[in-house]
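So the structure is just underneath, and the comments pick up after that.
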Amino acid sequence: MLSRWRLILGRFAQENIGLSEKYAETDHCLSYLYNNEYDEDRGIRGSKSPSVLSVPQWLGEIKKIFPEKTVEILQKDALDRYGLEELITDPDVLRSLEPDVDLLIRLVSFKNIIPSRLRSQADDIIRHVADEIKKKLETKVYKCFHGQRSGLTQTYYKVFRNFDFRKTIEMNLKNYSREYRTIIAKNLYFRNTVKRRNPWDIIILVDESGSMARSAVYSAVMAGIFTKLPVINTKLIVFDTSIVDLSDYTDDTAQMIMKMQLGGGTDIYKALCYGESLIKNPSKTIVILITDLYDSNDIRLTYRKCRDIISAGSRLFVLPALDYCSEPVYNRSAAKYIAGLGADVAAITPEELSQWIGKII
């Protein structure tokens, strides 16, 4: 018990509380990170002990010592609190990190500082994680619309006549090989040739501020899945204080995520105005606003625009969160007011969103 208190209190308790040899490596790893709490510049300098760890060594050690959840917390603190940029700028470190949603969010959030020589490696991680999330969700989503997966998983066939040459070139320009003097196409793109009959329009407006990062990722995944449904036309728009329409990339989930700029302010009114401009048939349109409702603009403008959309006949669904967090933080008074206008307001999982849309359609 005393040794555990010594680990919690850190090096300042060394004189009063001894540390058994059993916990020496644990203390070394914790000191490497948390000693930075007492450094003025808060940059990683490593432990004060004679044997100073490198970042790859530190990652290897904590994975041996701590359970997976603790390792995730330590990695998050290293990057977010102490600026351990090597977690996303060192190729050996990138290879050793567990690819998950949190790593994806960090790579997208800090993509501007990732060296060009590592961009391809980072993009591969983002694509791998996005594809894994999509695989886990799409079967459940399609059941909400059809009761089974078959028949809805693809709305186009990957054959030569559907090959989208122009988009394939555009998306693979970054993979130009000087050695072979040609583009190495890592991903091929195909046109959707299925005719949609009297489809519903779903307009997804996603707040990409820092607090909404996980919801933004899941929104991109869901947009990619919805795009393959013949009964839905999907638009995806991300916003902070500006608007970015990613609707042209909904057939490539990873590409959508890579184009996001996670972080920044929030102008919900501007996003709703843009979403409203896309509405062609209000009675067959669902507007999904994904935001914590903390607006940098006058919230009364947001209320007015929500009322306009609902009054015109569209369905409005406001999601303070679209992920698996049980206790989202959001502006509850704003949520209550918008619900009073006739919008559906709920923090839900991607599967629950599919169920809700499936019932309407």
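Chain labels A, B, ... are given in the sequence in which chains occur in the structure tokens; within each chain residues are numbered consecutively from 1, and ligands are likewise numbered from 1 in the order shown.
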
Residues flagged alpha helix (DSSP H) by DSSP in segment 103-329 of chain A, as a PyMOL selection string | chain A and resi 103-109+116-146+165-171+213-227+253-258+268-277+299-311

Spatial neighbours of segment 270-278 of chain A, 8 Å, only C-alpha atoms, chain gap at least 6 places, as a PyMOL selection string
chain A and resi 203+205+237+239+241-243+287+302+305-306+309

Save out the residues we just selected, all heavy atoms, as a PDB file, in the first residue's frame.
ATOM      1  N   ILE A 203     -29.470  15.329 -44.506  1.00  0.00           N
ATOM      2  CA  ILE A 203     -28.441  16.367 -44.444  1.00  0.00           C
ATOM      3  C   ILE A 203     -27.830  16.326 -43.042  1.00  0.00           C
ATOM      4  O   ILE A 203     -28.505  16.616 -42.057  1.00  0.00           O
ATOM      5  CB  ILE A 203     -29.037  17.756 -44.727  1.00  0.00           C
ATOM      6  CG1 ILE A 203     -29.680  17.767 -46.132  1.00  0.00           C
ATOM      7  CG2 ILE A 203     -27.962  18.834 -44.608  1.00  0.00           C
ATOM      8  CD1 ILE A 203     -30.514  19.004 -46.405  1.00  0.00           C
ATOM      9  N   LEU A 205     -25.216  17.760 -40.444  1.00  0.00           N
ATOM     10  CA  LEU A 205     -24.388  18.918 -40.101  1.00  0.00           C
ATOM     11  C   LEU A 205     -23.608  18.586 -38.842  1.00  0.00           C
ATOM     12  O   LEU A 205     -24.196  18.338 -37.779  1.00  0.00           O
ATOM     13  CB  LEU A 205     -25.272  20.153 -39.854  1.00  0.00           C
ATOM     14  CG  LEU A 205     -26.261  20.514 -40.971  1.00  0.00           C
ATOM     15  CD1 LEU A 205     -27.213  21.603 -40.496  1.00  0.00           C
ATOM     16  CD2 LEU A 205     -25.522  20.960 -42.228  1.00  0.00           C
ATOM     17  N   ILE A 237     -21.896  17.785 -44.009  1.00  0.00           N
ATOM     18  CA  ILE A 237     -21.275  19.102 -43.884  1.00  0.00           C
ATOM     19  C   ILE A 237     -20.659  19.205 -42.503  1.00  0.00           C
ATOM     20  O   ILE A 237     -21.319  18.924 -41.490  1.00  0.00           O
ATOM     21  CB  ILE A 237     -22.313  20.234 -44.068  1.00  0.00           C
ATOM     22  CG1 ILE A 237     -22.864  20.234 -45.498  1.00  0.00           C
ATOM     23  CG2 ILE A 237     -21.702  21.588 -43.746  1.00  0.00           C
ATOM     24  CD1 ILE A 237     -24.051  19.332 -45.712  1.00  0.00           C
ATOM     25  N   PHE A 239     -18.576  21.721 -39.713  1.00  0.00           N
ATOM     26  CA  PHE A 239     -18.461  23.161 -39.482  1.00  0.00           C
ATOM     27  C   PHE A 239     -17.794  23.463 -38.155  1.00  0.00           C
ATOM     28  O   PHE A 239     -17.841  22.669 -37.208  1.00  0.00           O
ATOM     29  CB  PHE A 239     -19.860  23.814 -39.502  1.00  0.00           C
ATOM     30  CG  PHE A 239     -20.760  23.420 -38.358  1.00  0.00           C
ATOM     31  CD1 PHE A 239     -20.814  24.176 -37.191  1.00  0.00           C
ATOM     32  CD2 PHE A 239     -21.571  22.295 -38.435  1.00  0.00           C
ATOM     33  CE1 PHE A 239     -21.651  23.823 -36.142  1.00  0.00           C
ATOM     34  CE2 PHE A 239     -22.407  21.926 -37.385  1.00  0.00           C
ATOM     35  CZ  PHE A 239     -22.449  22.694 -36.233  1.00  0.00           C
ATOM     36  N   THR A 241     -16.394  27.631 -37.316  1.00  0.00           N
ATOM     37  CA  THR A 241     -16.904  28.952 -37.665  1.00  0.00           C
ATOM     38  C   THR A 241     -16.979  29.112 -39.180  1.00  0.00           C
ATOM     39  O   THR A 241     -17.371  30.160 -39.679  1.00  0.00           O
ATOM     40  CB  THR A 241     -16.012  30.063 -37.066  1.00  0.00           C
ATOM     41  OG1 THR A 241     -14.656  29.832 -37.457  1.00  0.00           O
ATOM     42  CG2 THR A 241     -16.101  30.040 -35.547  1.00  0.00           C
ATOM     43  N   SER A 242     -16.594  28.076 -39.911  1.00  0.00           N
ATOM     44  CA  SER A 242     -16.724  28.033 -41.360  1.00  0.00           C
ATOM     45  C   SER A 242     -17.385  26.720 -41.755  1.00  0.00           C
ATOM     46  O   SER A 242     -17.571  25.832 -40.926  1.00  0.00           O
ATOM     47  CB  SER A 242     -15.358  28.189 -42.035  1.00  0.00           C
ATOM     48  OG  SER A 242     -14.482  27.163 -41.622  1.00  0.00           O
ATOM     49  N   ILE A 243     -17.725  26.613 -43.024  1.00  0.00           N
ATOM     50  CA  ILE A 243     -18.469  25.455 -43.517  1.00  0.00           C
ATOM     51  C   ILE A 243     -17.627  24.690 -44.534  1.00  0.00           C
ATOM     52  O   ILE A 243     -17.016  25.288 -45.419  1.00  0.00           O
ATOM     53  CB  ILE A 243     -19.774  25.904 -44.209  1.00  0.00           C
ATOM     54  CG1 ILE A 243     -20.612  26.801 -43.295  1.00  0.00           C
ATOM     55  CG2 ILE A 243     -20.578  24.706 -44.687  1.00  0.00           C
ATOM     56  CD1 ILE A 243     -21.180  26.122 -42.107  1.00  0.00           C
ATOM     57  N   VAL A 287     -32.934  16.610 -41.406  1.00  0.00           N
ATOM     58  CA  VAL A 287     -31.734  17.384 -41.084  1.00  0.00           C
ATOM     59  C   VAL A 287     -31.229  16.895 -39.729  1.00  0.00           C
ATOM     60  O   VAL A 287     -31.966  16.934 -38.737  1.00  0.00           O
ATOM     61  CB  VAL A 287     -32.021  18.898 -41.031  1.00  0.00           C
ATOM     62  CG1 VAL A 287     -30.754  19.657 -40.639  1.00  0.00           C
ATOM     63  CG2 VAL A 287     -32.547  19.388 -42.380  1.00  0.00           C
ATOM     64  N   THR A 302     -29.900  30.569 -33.802  1.00  0.00           N
ATOM     65  CA  THR A 302     -30.009  29.124 -34.003  1.00  0.00           C
ATOM     66  C   THR A 302     -31.438  28.662 -33.772  1.00  0.00           C
ATOM     67  O   THR A 302     -31.984  27.868 -34.547  1.00  0.00           O
ATOM     68  CB  THR A 302     -29.045  28.386 -33.054  1.00  0.00           C
ATOM     69  OG1 THR A 302     -27.698  28.693 -33.426  1.00  0.00           O
ATOM     70  CG2 THR A 302     -29.241  26.879 -33.124  1.00  0.00           C
ATOM     71  N   LYS A 305     -33.596  29.580 -36.766  1.00  0.00           N
ATOM     72  CA  LYS A 305     -33.363  28.757 -37.953  1.00  0.00           C
ATOM     73  C   LYS A 305     -33.918  27.345 -37.764  1.00  0.00           C
ATOM     74  O   LYS A 305     -34.441  26.748 -38.721  1.00  0.00           O
ATOM     75  CB  LYS A 305     -31.874  28.722 -38.278  1.00  0.00           C
ATOM     76  CG  LYS A 305     -31.523  28.104 -39.631  1.00  0.00           C
ATOM     77  CD  LYS A 305     -32.322  28.705 -40.773  1.00  0.00           C
ATOM     78  CE  LYS A 305     -32.081  30.194 -40.933  1.00  0.00           C
ATOM     79  NZ  LYS A 305     -32.872  30.740 -42.077  1.00  0.00           N
ATOM     80  N   CYS A 306     -33.827  26.810 -36.561  1.00  0.00           N
ATOM     81  CA  CYS A 306     -34.435  25.502 -36.272  1.00  0.00           C
ATOM     82  C   CYS A 306     -35.948  25.566 -36.503  1.00  0.00           C
ATOM     83  O   CYS A 306     -36.544  24.659 -37.101  1.00  0.00           O
ATOM     84  CB  CYS A 306     -34.155  25.092 -34.827  1.00  0.00           C
ATOM     85  SG  CYS A 306     -32.457  24.577 -34.498  1.00  0.00           S
ATOM     86  N   ILE A 309     -36.755  25.545 -40.290  1.00  0.00           N
ATOM     87  CA  ILE A 309     -36.603  24.224 -40.917  1.00  0.00           C
ATOM     88  C   ILE A 309     -37.775  23.323 -40.572  1.00  0.00           C
ATOM     89  O   ILE A 309     -38.335  22.624 -41.434  1.00  0.00           O
ATOM     90  CB  ILE A 309     -35.265  23.586 -40.479  1.00  0.00           C
ATOM     91  CG1 ILE A 309     -34.092  24.353 -41.119  1.00  0.00           C
ATOM     92  CG2 ILE A 309     -35.210  22.111 -40.872  1.00  0.00           C
ATOM     93  CD1 ILE A 309     -32.725  23.941 -40.606  1.00  0.00           C
TER      94      ILE A 309
END

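We find atom CA of Lys259 of chain A and atom CA of Val244 of chain A to be spaced 9.0 Å apart.
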
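Straight-line separation from atom CA of Thr349 of chain A to atom CA of Leu79 of chain A: 27.3 Å.
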
- Item | Who sits within 10 Å of Lys359 of chain A, only C-alpha atoms, same chain under 5 positions skipped, as number ranges by chain | A: 144-145, 354

Atom CA of Ile62 of chain A to atom CA of Phe110 of chain A measures 23.2 Å

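Minimum atom-to-atom distance to Ile204 of chain A, evaluated using only C-alpha atoms, belongs to A:Ile288 out of A:Ile288, A:Met171, A:Ala339, A:Leu262.
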
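Comparing A:Ile133, A:Val71, A:Leu301, A:Leu104 by their smallest distance to Gln121 of chain A, the closest is A:Leu104 (using only C-alpha atoms).
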
Report task. Mind the document's chain letters and residue numbers, and return as a ChimeraX atom specification the residues of segment 84-297 of chain A that DSSP labels strand (DSSP E). Result -> /A:176-177,182-183,200-207,232-239,243-245,285-290

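Closest approach to Lys174 of chain A among A:Lys186, A:Lys63, A:Lys284, A:Lys135: A:Lys186, based on only C-alpha atoms.
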
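Using only C-alpha atoms, the protein and nucleic acid residues lying no more than 12 Å from Cys325 of chain A, apart from those fewer than 2 places from it along its own chain, are Met212, Arg214, Ser215, Pro320, Ala321, Leu322, Asp323, Glu327, Pro328, Val329, Ala347, Ile348, Thr349 and Pro350 of chain A.
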